[in-house]
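Undergrad: Got a structure for you, written out below as structure tokens; questions coming shortly.
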Amino acid sequence: MMAVTRYLAPALALLVLPSFSFYAGDHRILSSEGLEPQVNLVQGEEFISRGLTGKGITIAVIDAGFKGTDTHPGLAHLFRNGQIAGTWDFIRNQEDVFAGHSHGTAVLSCIAGIHEGKQLGLAPDARFLLARTERRNEPAREEADWAKAVDWALRNGADIIQSSIGFTYHRYFPEEMNGRYSLAARAALRAARAGVLLVNSAGNEGRNRWKTMTTPADADSILSVGAISPLTGLAERYSSLGPAADGRIKPNVCASGRVIAFTAGGKARAMDGTSFASPMISGFAACLMQLLPGATAQEILERIERSGHLYPYYDYSHGYGVPQASRFFHATEREIPCRLVIDTLNQAFKIETGNPCDLPARNLWSRYLYYHISDSSGLLIKYGVKEMNPLIRTSIARGSWNRSNILQVFYNGMTAQWTE
Amino acid sequence: MDRVRLSIRMSIIALYAAFFCSAGLQGQAFELKVKPLSEKSSFGPNRLHFTHFFLGTAWIPPVSRAGDSQTGFSLGFRGGLRYKIRLSRSLALVAEAGIAGQKFRMQPGFPLLPGDTLSFRRQSLSVTGFEGAFGLRIRLGQRGNYLGTYIDAGISATTPVSSVLSTTMPSPESGGSGIRSDMKIKRRVDCIRPFLYAPYVRLGFNKLAVQVSWRPSAMTDQPANYDMPALQIGIEFSPVRY
């Protein structure tokens with residue numbers, strides 16, 4: 001018995017210890033800088049430390065209602081400083097939007113909320129237009145109201161339109177999510193053509209039978225935002241999957257789907273959904289517009305895509321990844337002394353990534369190897385993520401590999417591709 | 001010496017365990033195969049195949065019957081599985097199998113009075129059996145996450161398994177005593193047809209449907225003074241989500 005306790009205990013310790021260090025690493029990353037994880041994930045401190053807070057940018061928020069916005073202490077600065085530029089309730093045709101659902105309050109707090117002295121979003125100094133368009137079980141009317149709200153935002157000088165609304169099975173089929181068919185997608189295109197950046201949540205249909213983008217997230221020239229877990233750094237299972245029905249890359253980028261956001265009762269609590277990932281990117285875009293005042297909405301969109309932590313790699317769960325503010329200030333961050341080698345075996349690809357011990361533990365994604373296999377037209381056939389900690393070699397099954405297929409791999413800022 | 005050997009063995013086991021543990025950490029976080037768009041079109045009420053459970057009630061309208069009795073209380077139930085296969089965006093075939101039962105009460109057409117010649121006070125017929133149906137579905141609404149709006153038309157066949165006629169009549173002992181007492185007699189009805197056919201029409205909206213069916217033939221294969229009315233109206237609930 002003594003021998004068992006004497007020799008088994010170290011063996012058990014060896015089994016358990018790697019798991020503990022694994023999670024401890026995550027915690028260290030999330031709690032750094034004293035910022036909320038949702039802000040930290042997009043490297044919000046880069047904007048905050050440079051005084052970029054969305055000042056001078058007008059963001060229109062279209063949502064289900066802003067109940068409690070006018071009384072919440074964390075949003076009081078918006079009223080105190082006259083940052084609410086206009087409001088309209090398209091359901092009741094009146095100015096008061098502080099009724100109905102509190103979803104809009106939560107979304108707005110992810111752009112401009114201040115909780116216990118910390119920013120919940122990136123643009124607390126932006127101006128806001130608030131539009132309420134959602135009611136219950138009237139998808140046709142709601143979609144028409146959403147389109148009207150877009151036009152209203154354009155008339156009132158919005159630079160960014162933030163929407164966490166998606167229309168699905170009530171009016172459409174998945175194959176109609178091609179960015180041209182739905183009324184909402186056409187209104188979104190109208191906004192893009194008018195030079196306004198529309199940021200829309202991808203939808204929470206990943207676990208449902210619908211699975212794919214909702215509309216207007218399917219529209220071209222807009223930013224569709226998926227959700228990732230701030231704990232794992234990987235796409236949340238509920239986040240809608242791309243591509244758009246015509247094969248375009250969707251979602252474009254992603255952000256934290258688990259956030260601290262405001263409730264109607266004057267409090268803050270954790271909430272989940274792509275609805276809350278989208279305003280994180282709206283705030284990001286506002287800071288970028290402040291940083292680059294001459295840039296057009298489409299240039300901002302492209303720059304946000306290029307700042308994704310996976311760029312130029314992409315997949316249909318993460319898009320180009322989580323935008324990283326440091327990309328606009330530190331150009332050399334991607335240079336990492338490491339190698340990525342793809343070798344072929346009979347039934348699998350063998351991939352060597354170099355020694356991860358040489359890599360600094362930079363972010364949540366350092367341990368992941370992303371890969372996708374696409375056909376000759378660029379459409380992905382298969383994609384996935386492998387956890388590389390602590391070994392440095394892995395293999396990917398070739399499956400039904402076609403000669404024209406392309407394997408692309410992303411690891412710690414490096415991309416490599418292989419084709420026959 | 002034994003301790004050293006045991007220590008070496010345990011170290012080897014620990015190393016193996018550590019290796020397998022770390023190998024486990026290098027796991028597949030996830031992998032997704034991208035479905036071709038043509039497969040995605042099978043969605044909601046437009047889905048190619050769909051099987052769902054349904055549960056319904058049936059009610060027989062209180063119509064006057066030939067002779068001296070009229071419809072009283074009636075109740076029925078239906079339940080089973082329904083399978084749908086899409087033919088086109090607007091048309092589908094439906095087949096179903098389940099159980100069905102009805103209880104139908106016949107009452108005299110006027111109050112029972114002293115000296116009345118009516119032989120019963122109440123009579124009820126209960127029939128339970130297996131039911132199958134086959135029909136065509138015209139889908140008016142192809143979108144949504146439930147069954148959508150549809151009209152079904154088809155024919156159902158029921159095989160009675162149990163058929164009981166229950167008759168309640170004044171007890172002979174009660175005559176003249178001033179105290180009323182009834183006597184109940186139950187018996188199996190043997191002359192029920194082996195298959196009862198009934199065309200039906202169903203109007204459905206998402207989880208709810210209203211069904212009307214009509215049985216063209218008599219229930220029994222010989223003249224009898226009991227038979228269920230041919231018309232039945234039912235409400236059906238399908239707890240489904242595509």
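In the structure tokens, chains take letters A, B, ... by order of appearance, with residues numbered from 1 within each chain and ligands from 1 in the order shown.
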Just list as a PyMOL selection string whatever in range 71-215 of chain A DSSP marks as alpha helix (DSSP H).
TA: chain A and resi 76-80+103-112+139-155+183-193
Undergrad: If you count only C-alpha atoms, which residues fall within 6 Å of Arg127 in chain A, apart from same-chain ones fewer than 3 positions away, as a short mmCIF file (atom, residue, chain, number, x, y, z; two decimals) with N, CA and C atoms, in the first residue's frame?
TA:
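Result file selection.cif:
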```cif
data_model
loop_
_atom_site.label_atom_id
_atom_site.label_comp_id
_atom_site.auth_asym_id
_atom_site.auth_seq_id
_atom_site.Cartn_x
_atom_site.Cartn_y
_atom_site.Cartn_z
N THR A 58 -20.41 58.40 -36.62
CA THR A 58 -21.82 58.17 -36.30
C THR A 58 -22.16 56.70 -36.59
N GLN A 83 -24.59 62.50 -27.29
CA GLN A 83 -24.10 61.59 -28.34
C GLN A 83 -25.23 60.81 -29.02
N ILE A 84 -26.46 60.94 -28.51
CA ILE A 84 -27.59 60.30 -29.19
C ILE A 84 -28.10 61.29 -30.23
#
```
Undergrad: Give me the residues within 7 Å of range 163-178 of chain A as a PyMOL selection string, counting only C-alpha atoms and dropping any in the same chain fewer than 2 places off.
TA: (chain A and resi 61-63+139+161+180-181+199-201+203+210+212-216+218-219+244-246+275+278) or (chain B and resi 37+40-41+43+143-145)
Undergrad: With N, CA, C and O atoms retained, could you export that selection as a short mmCIF file (atom, residue, chain, number, x, y, z; two decimals), in the first residue's frame?
TA:
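This is the output file part09.cif:
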```
data_model
loop_
_atom_site.label_atom_id
_atom_site.label_comp_id
_atom_site.auth_asym_id
_atom_site.auth_seq_id
_atom_site.Cartn_x
_atom_site.Cartn_y
_atom_site.Cartn_z
N VAL A 61 -27.58 52.09 -34.81
CA VAL A 61 -27.82 50.75 -34.25
C VAL A 61 -29.28 50.40 -34.51
O VAL A 61 -30.19 51.08 -34.03
N ILE A 62 -29.48 49.35 -35.31
CA ILE A 62 -30.85 48.90 -35.62
C ILE A 62 -31.09 47.65 -34.80
O ILE A 62 -30.35 46.66 -34.91
N ASP A 63 -32.14 47.68 -33.97
CA ASP A 63 -32.34 46.54 -33.08
C ASP A 63 -33.80 46.41 -32.65
O ASP A 63 -34.68 47.10 -33.17
N PRO A 139 -42.24 38.54 -39.44
CA PRO A 139 -40.97 38.67 -40.16
C PRO A 139 -41.05 39.53 -41.41
O PRO A 139 -40.09 40.23 -41.73
N ILE A 161 -23.42 51.21 -39.87
CA ILE A 161 -24.72 50.69 -39.41
C ILE A 161 -24.44 49.38 -38.70
O ILE A 161 -23.84 48.47 -39.27
N ARG A 180 -28.37 38.63 -52.78
CA ARG A 180 -29.11 39.38 -53.79
C ARG A 180 -30.61 39.21 -53.67
O ARG A 180 -31.39 40.00 -54.17
N TYR A 181 -31.04 38.14 -53.02
CA TYR A 181 -32.45 37.76 -53.09
C TYR A 181 -33.32 38.50 -52.07
O TYR A 181 -34.36 39.03 -52.41
N VAL A 199 -22.28 46.52 -40.50
CA VAL A 199 -21.74 45.39 -39.73
C VAL A 199 -22.92 44.60 -39.20
O VAL A 199 -23.78 45.15 -38.49
N ASN A 200 -23.00 43.34 -39.58
CA ASN A 200 -24.16 42.52 -39.19
C ASN A 200 -23.71 41.20 -38.59
O ASN A 200 -22.74 40.59 -39.04
N SER A 201 -24.44 40.75 -37.58
CA SER A 201 -24.12 39.46 -36.97
C SER A 201 -24.42 38.34 -37.97
O SER A 201 -25.38 38.42 -38.75
N GLY A 203 -25.42 35.32 -37.36
CA GLY A 203 -26.60 34.53 -37.00
C GLY A 203 -26.21 33.41 -36.06
O GLY A 203 -25.05 32.99 -36.01
N TRP A 210 -30.80 25.14 -40.11
CA TRP A 210 -30.51 26.21 -41.07
C TRP A 210 -29.02 26.32 -41.32
O TRP A 210 -28.57 26.48 -42.44
N THR A 212 -26.55 27.97 -42.00
CA THR A 212 -25.80 28.95 -42.77
C THR A 212 -26.11 30.39 -42.33
O THR A 212 -26.79 30.62 -41.35
N MET A 213 -25.58 31.35 -43.09
CA MET A 213 -25.79 32.77 -42.80
C MET A 213 -27.27 33.11 -42.77
O MET A 213 -28.07 32.51 -43.47
N THR A 214 -27.59 34.11 -41.96
CA THR A 214 -28.92 34.70 -42.04
C THR A 214 -28.80 35.90 -42.97
O THR A 214 -27.69 36.29 -43.33
N THR A 215 -29.90 36.46 -43.34
CA THR A 215 -29.83 37.67 -44.16
C THR A 215 -30.18 38.87 -43.29
O THR A 215 -31.04 38.73 -42.42
N PRO A 216 -29.50 40.00 -43.37
CA PRO A 216 -28.63 40.48 -44.45
C PRO A 216 -27.14 40.14 -44.30
O PRO A 216 -26.33 40.72 -45.02
N ASP A 218 -25.67 37.80 -45.41
CA ASP A 218 -25.21 37.18 -46.65
C ASP A 218 -24.81 38.21 -47.70
O ASP A 218 -24.23 37.85 -48.73
N ALA A 219 -25.11 39.47 -47.45
CA ALA A 219 -24.89 40.50 -48.48
C ALA A 219 -23.41 40.73 -48.75
O ALA A 219 -22.57 40.56 -47.86
N ALA A 244 -21.65 32.18 -48.21
CA ALA A 244 -22.93 32.64 -48.76
C ALA A 244 -23.33 31.65 -49.84
O ALA A 244 -22.50 30.88 -50.33
N ALA A 245 -24.59 31.66 -50.20
CA ALA A 245 -25.08 30.65 -51.16
C ALA A 245 -24.38 30.74 -52.51
O ALA A 245 -24.35 29.76 -53.25
N ASP A 246 -23.83 31.89 -52.84
CA ASP A 246 -23.11 32.01 -54.11
C ASP A 246 -21.60 31.78 -53.94
O ASP A 246 -20.83 32.05 -54.85
N SER A 275 -24.93 38.28 -31.92
CA SER A 275 -25.48 39.63 -31.74
C SER A 275 -24.50 40.54 -31.02
O SER A 275 -24.48 41.75 -31.24
N SER A 278 -20.94 41.22 -33.11
CA SER A 278 -21.03 42.24 -34.15
C SER A 278 -20.73 43.65 -33.64
O SER A 278 -19.94 44.38 -34.26
N LEU B 37 -24.38 23.16 -51.92
CA LEU B 37 -25.58 23.98 -51.77
C LEU B 37 -26.85 23.21 -52.14
O LEU B 37 -27.90 23.47 -51.59
N LYS B 40 -28.54 21.79 -49.25
CA LYS B 40 -29.12 22.73 -48.30
C LYS B 40 -30.56 23.08 -48.64
O LYS B 40 -31.30 23.55 -47.81
N SER B 41 -30.97 22.88 -49.90
CA SER B 41 -32.31 23.30 -50.30
C SER B 41 -33.39 22.47 -49.62
O SER B 41 -34.54 22.86 -49.61
N PHE B 43 -35.05 22.00 -46.85
CA PHE B 43 -35.20 22.68 -45.56
C PHE B 43 -36.67 22.91 -45.24
O PHE B 43 -37.47 23.20 -46.11
N ARG B 143 -42.14 27.57 -46.56
CA ARG B 143 -41.08 28.05 -45.68
C ARG B 143 -41.51 27.90 -44.23
O ARG B 143 -42.67 27.71 -43.94
N GLY B 144 -40.58 28.04 -43.34
CA GLY B 144 -40.89 27.97 -41.92
C GLY B 144 -40.14 26.85 -41.26
O GLY B 144 -39.45 26.07 -41.92
N ASN B 145 -40.29 26.78 -39.97
CA ASN B 145 -39.55 25.75 -39.24
C ASN B 145 -40.48 24.65 -38.76
O ASN B 145 -40.07 23.76 -38.05
#
```
Undergrad: Taking the DSSP assignment computed from this structure's backbone, write out as a ChimeraX atom specification all residues of range 89-192 of chain A that belong to strand (DSSP E).
TA: /A:89,114-115,118-119,127-132,160-163
Undergrad: Just to confirm, what's the straight-line distance from CA of Ile85 in chain B to CA of Arg47 in chain B in Å (one decimal)?
TA: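 Atom-to-atom, CA of Ile85 in chain B to CA of Arg47 in chain B, that is 8.0 Å.
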Undergrad: I'd like the contact shell of Thr159 in chain B - 8 Å cut-off, only C-alpha atoms, skipping same-chain residues fewer than 2 positions apart - returned as a list in words.
TA: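 That gives Gly129, Phe130, Glu131, Ala157, Val161, Pro194, Phe195 and Leu196 of chain B.
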Undergrad: Please produce an output containing N, CA and C atoms for each residue in the selection, written as a JSON list (two decimals), in the first residue's frame.
TA:
```json
[["chain", "number", "residue", "atom", "x", "y", "z"],
["B", 129, "GLY", "N", -58.84, 0.48, -33.14],
["B", 129, "GLY", "CA", -58.11, -0.35, -34.09],
["B", 129, "GLY", "C", -56.88, 0.33, -34.65],
["B", 130, "PHE", "N", -56.25, -0.34, -35.56],
["B", 130, "PHE", "CA", -55.07, 0.21, -36.24],
["B", 130, "PHE", "C", -55.53, 0.99, -37.46],
["B", 131, "GLU", "N", -54.84, 2.06, -37.72],
["B", 131, "GLU", "CA", -55.23, 2.91, -38.84],
["B", 131, "GLU", "C", -54.03, 3.19, -39.74],
["B", 157, "ALA", "N", -57.66, 3.80, -43.80],
["B", 157, "ALA", "CA", -58.29, 2.49, -43.57],
["B", 157, "ALA", "C", -58.04, 2.10, -42.12],
["B", 161, "VAL", "N", -59.94, -3.59, -33.91],
["B", 161, "VAL", "CA", -59.42, -4.67, -33.07],
["B", 161, "VAL", "C", -60.41, -4.97, -31.94],
["B", 194, "PRO", "N", -64.09, -5.79, -41.51],
["B", 194, "PRO", "CA", -62.66, -5.91, -41.18],
["B", 194, "PRO", "C", -61.87, -4.65, -41.54],
["B", 195, "PHE", "N", -62.28, -3.91, -42.54],
["B", 195, "PHE", "CA", -61.62, -2.65, -42.91],
["B", 195, "PHE", "C", -62.68, -1.56, -43.08],
["B", 196, "LEU", "N", -62.41, -0.45, -42.47],
["B", 196, "LEU", "CA", -63.32, 0.69, -42.61],
["B", 196, "LEU", "C", -62.56, 1.79, -43.35]]
```
Undergrad: If we count only C-alpha atoms, what is near Asp152 in chain B at a cut-off of 10 Å, once residues fewer than 3 positions away on the same chain are taken out, given as a list in words?
TA: Leu91, Ala92, Leu93, Val94, Phe134, Gly135, Leu136, Arg137, Ile138, Arg139, Ile155, Tyr200, Val201, Arg202, Leu203, Gly204, Ala209 and Gln211 of chain B
Undergrad: When you look at Ile381 in chain A with a cut-off of 8 Å (counting only C-alpha atoms), what residues show up, excluding the ones that are within fewer than 2 positions of it in the same chain? I need them as a PyMOL selection string.
TA: (chain A and resi 372-375+379+383) or (chain B and resi 33-35)
Undergrad: Selected residues, N, CA and C atoms, written as a PDB file, in the first residue's frame, please.
TA:
```pdb
ATOM      1  N   HIS A 372      -7.449  24.014 -44.332  1.00  0.00           N
ATOM      2  CA  HIS A 372      -8.621  23.784 -45.168  1.00  0.00           C
ATOM      3  C   HIS A 372      -8.196  23.193 -46.498  1.00  0.00           C
ATOM      4  N   ILE A 373      -9.110  22.461 -47.096  1.00  0.00           N
ATOM      5  CA  ILE A 373      -8.893  21.912 -48.434  1.00  0.00           C
ATOM      6  C   ILE A 373      -9.934  22.546 -49.337  1.00  0.00           C
ATOM      7  N   SER A 374      -9.473  23.193 -50.389  1.00  0.00           N
ATOM      8  CA  SER A 374     -10.403  23.871 -51.302  1.00  0.00           C
ATOM      9  C   SER A 374     -10.306  23.260 -52.686  1.00  0.00           C
ATOM     10  N   ASP A 375     -11.355  23.482 -53.480  1.00  0.00           N
ATOM     11  CA  ASP A 375     -11.297  23.017 -54.868  1.00  0.00           C
ATOM     12  C   ASP A 375     -10.645  24.100 -55.728  1.00  0.00           C
ATOM     13  N   LEU A 379     -13.577  27.282 -53.459  1.00  0.00           N
ATOM     14  CA  LEU A 379     -14.585  26.889 -52.469  1.00  0.00           C
ATOM     15  C   LEU A 379     -14.008  25.837 -51.537  1.00  0.00           C
ATOM     16  N   TYR A 383     -12.626  21.919 -43.711  1.00  0.00           N
ATOM     17  CA  TYR A 383     -11.684  22.718 -42.930  1.00  0.00           C
ATOM     18  C   TYR A 383     -11.728  22.276 -41.483  1.00  0.00           C
TER      19      TYR A 383
ATOM     20  N   LYS B  33     -17.061  19.386 -42.835  1.00  0.00           N
ATOM     21  CA  LYS B  33     -17.134  19.225 -44.286  1.00  0.00           C
ATOM     22  C   LYS B  33     -18.187  20.200 -44.785  1.00  0.00           C
ATOM     23  N   VAL B  34     -17.867  20.929 -45.827  1.00  0.00           N
ATOM     24  CA  VAL B  34     -18.796  21.933 -46.340  1.00  0.00           C
ATOM     25  C   VAL B  34     -19.796  21.225 -47.239  1.00  0.00           C
ATOM     26  N   LYS B  35     -21.060  21.373 -46.897  1.00  0.00           N
ATOM     27  CA  LYS B  35     -22.098  20.696 -47.676  1.00  0.00           C
ATOM     28  C   LYS B  35     -22.345  21.430 -48.985  1.00  0.00           C
TER      29      LYS B  35
END
```
Undergrad: Give me, as a list of chain:residue names, all polymer residues having an atom no more than 9 Å from Val259 in chain A, counting only C-alpha atoms and skipping those fewer than 4 positions away in the same chain.
TA: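 The contact residues come out as A:Glu36, A:Pro37, A:Gln38, A:Cys110, A:Leu120, A:Pro230, A:Arg269, A:Ala270, A:Met271, A:Asp272, A:Gly273, A:Phe276, A:Ala277.
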Undergrad: Can you spit out the residues from that selection as an mmCIF file, in the first residue's frame, using all heavy atoms?
TA:
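As written to disk, result_20.cif reads:
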```
data_model
loop_
_atom_site.group_PDB
_atom_site.id
_atom_site.type_symbol
_atom_site.label_atom_id
_atom_site.label_comp_id
_atom_site.auth_asym_id
_atom_site.auth_seq_id
_atom_site.Cartn_x
_atom_site.Cartn_y
_atom_site.Cartn_z
ATOM 1 N N GLU A 36 -11.922 44.094 -20.258
ATOM 2 C CA GLU A 36 -12.860 42.985 -20.402
ATOM 3 C C GLU A 36 -12.348 42.071 -21.521
ATOM 4 O O GLU A 36 -11.782 42.558 -22.512
ATOM 5 C CB GLU A 36 -14.249 43.525 -20.768
ATOM 6 C CG GLU A 36 -14.911 44.337 -19.672
ATOM 7 C CD GLU A 36 -15.273 43.507 -18.444
ATOM 8 O OE1 GLU A 36 -15.196 42.266 -18.506
ATOM 9 O OE2 GLU A 36 -15.614 44.112 -17.412
ATOM 10 N N PRO A 37 -12.544 40.749 -21.404
ATOM 11 C CA PRO A 37 -12.035 39.831 -22.427
ATOM 12 C C PRO A 37 -12.509 40.178 -23.834
ATOM 13 O O PRO A 37 -11.769 40.044 -24.796
ATOM 14 C CB PRO A 37 -12.599 38.482 -21.977
ATOM 15 C CG PRO A 37 -12.808 38.610 -20.516
ATOM 16 C CD PRO A 37 -13.145 40.045 -20.275
ATOM 17 N N GLN A 38 -13.756 40.669 -23.948
ATOM 18 C CA GLN A 38 -14.294 40.989 -25.272
ATOM 19 C C GLN A 38 -13.485 42.099 -25.950
ATOM 20 O O GLN A 38 -13.322 42.104 -27.173
ATOM 21 C CB GLN A 38 -15.774 41.391 -25.162
ATOM 22 C CG GLN A 38 -16.038 42.659 -24.371
ATOM 23 C CD GLN A 38 -17.272 42.579 -23.510
ATOM 24 O OE1 GLN A 38 -17.448 41.653 -22.738
ATOM 25 N NE2 GLN A 38 -18.150 43.564 -23.625
ATOM 26 N N CYS A 110 -22.116 47.045 -25.911
ATOM 27 C CA CYS A 110 -20.896 46.430 -26.458
ATOM 28 C C CYS A 110 -20.159 47.358 -27.420
ATOM 29 O O CYS A 110 -19.125 46.985 -27.988
ATOM 30 C CB CYS A 110 -21.237 45.121 -27.168
ATOM 31 S SG CYS A 110 -21.759 43.839 -26.036
ATOM 32 N N LEU A 120 -16.729 48.451 -22.247
ATOM 33 C CA LEU A 120 -17.250 47.174 -22.740
ATOM 34 C C LEU A 120 -17.125 47.087 -24.255
ATOM 35 O O LEU A 120 -17.187 46.012 -24.838
ATOM 36 C CB LEU A 120 -18.722 47.011 -22.349
ATOM 37 C CG LEU A 120 -19.032 46.933 -20.856
ATOM 38 C CD1 LEU A 120 -20.511 46.655 -20.634
ATOM 39 C CD2 LEU A 120 -18.200 45.857 -20.177
ATOM 40 N N PRO A 230 -14.258 33.137 -26.070
ATOM 41 C CA PRO A 230 -13.049 33.778 -25.533
ATOM 42 C C PRO A 230 -12.209 32.815 -24.696
ATOM 43 O O PRO A 230 -11.083 33.134 -24.334
ATOM 44 C CB PRO A 230 -13.605 34.918 -24.677
ATOM 45 C CG PRO A 230 -14.975 34.493 -24.305
ATOM 46 C CD PRO A 230 -15.472 33.621 -25.418
ATOM 47 N N ARG A 269 -24.404 41.729 -17.237
ATOM 48 C CA ARG A 269 -24.252 40.287 -17.050
ATOM 49 C C ARG A 269 -23.684 39.662 -18.317
ATOM 50 O O ARG A 269 -23.659 40.300 -19.377
ATOM 51 C CB ARG A 269 -25.573 39.633 -16.659
ATOM 52 C CG ARG A 269 -26.627 39.622 -17.724
ATOM 53 C CD ARG A 269 -27.816 38.783 -17.246
ATOM 54 N NE ARG A 269 -28.923 38.816 -18.183
ATOM 55 C CZ ARG A 269 -29.035 38.007 -19.226
ATOM 56 N NH1 ARG A 269 -28.101 37.113 -19.493
ATOM 57 N NH2 ARG A 269 -30.071 38.103 -20.035
ATOM 58 N N ALA A 270 -23.235 38.414 -18.180
ATOM 59 C CA ALA A 270 -22.657 37.715 -19.334
ATOM 60 C C ALA A 270 -23.761 37.331 -20.308
ATOM 61 O O ALA A 270 -24.824 36.869 -19.900
ATOM 62 C CB ALA A 270 -21.925 36.472 -18.860
ATOM 63 N N MET A 271 -23.527 37.548 -21.576
ATOM 64 C CA MET A 271 -24.491 37.186 -22.621
ATOM 65 C C MET A 271 -23.748 36.500 -23.761
ATOM 66 O O MET A 271 -22.553 36.721 -23.963
ATOM 67 C CB MET A 271 -25.208 38.420 -23.163
ATOM 68 C CG MET A 271 -26.041 39.136 -22.129
ATOM 69 S SD MET A 271 -26.988 40.476 -22.857
ATOM 70 C CE MET A 271 -27.527 41.329 -21.387
ATOM 71 N N ASP A 272 -24.476 35.686 -24.497
ATOM 72 C CA ASP A 272 -23.900 34.918 -25.601
ATOM 73 C C ASP A 272 -24.602 35.234 -26.908
ATOM 74 O O ASP A 272 -25.798 35.484 -26.910
ATOM 75 C CB ASP A 272 -24.078 33.421 -25.334
ATOM 76 C CG ASP A 272 -23.052 32.888 -24.374
ATOM 77 O OD1 ASP A 272 -21.871 32.998 -24.684
ATOM 78 O OD2 ASP A 272 -23.457 32.384 -23.314
ATOM 79 N N GLY A 273 -23.868 35.169 -27.987
ATOM 80 C CA GLY A 273 -24.491 35.268 -29.294
ATOM 81 C C GLY A 273 -23.680 36.094 -30.266
ATOM 82 O O GLY A 273 -22.884 36.944 -29.865
ATOM 83 N N PHE A 276 -23.698 39.956 -30.134
ATOM 84 C CA PHE A 276 -22.792 40.765 -29.312
ATOM 85 C C PHE A 276 -21.371 40.777 -29.874
ATOM 86 O O PHE A 276 -20.562 41.612 -29.484
ATOM 87 C CB PHE A 276 -22.832 40.268 -27.865
ATOM 88 C CG PHE A 276 -24.245 40.126 -27.367
ATOM 89 C CD1 PHE A 276 -24.783 38.887 -27.079
ATOM 90 C CD2 PHE A 276 -25.058 41.240 -27.263
ATOM 91 C CE1 PHE A 276 -26.105 38.758 -26.675
ATOM 92 C CE2 PHE A 276 -26.382 41.126 -26.861
ATOM 93 C CZ PHE A 276 -26.903 39.881 -26.561
ATOM 94 N N ALA A 277 -21.094 39.845 -30.766
ATOM 95 C CA ALA A 277 -19.796 39.871 -31.461
ATOM 96 C C ALA A 277 -19.789 41.022 -32.472
ATOM 97 O O ALA A 277 -18.777 41.714 -32.647
ATOM 98 C CB ALA A 277 -19.553 38.544 -32.164
#
```
Undergrad: Could you please determine the separation between CA of Ile235 in chain B and CA of Ile99 in chain B in Å, to one decimal place?
TA: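 Between these atoms lies a distance of 15.5 Å.
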Undergrad: Which one of A:Val39, A:Ala264, A:Arg50, A:Tyr314 sits closest to Phe328 in chain A if you count only C-alpha atoms?
TA: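 Looking only at the distances to Phe328 in chain A, the closest residue turns out to be A:Arg50.
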Undergrad: For each of B:Leu140, B:Leu32, B:Met228, B:Leu81, take the minimum atom-to-atom distance to Thr51 in chain B, counting only C-alpha atoms, then give the residue where this is smallest.
TA: B:Leu81
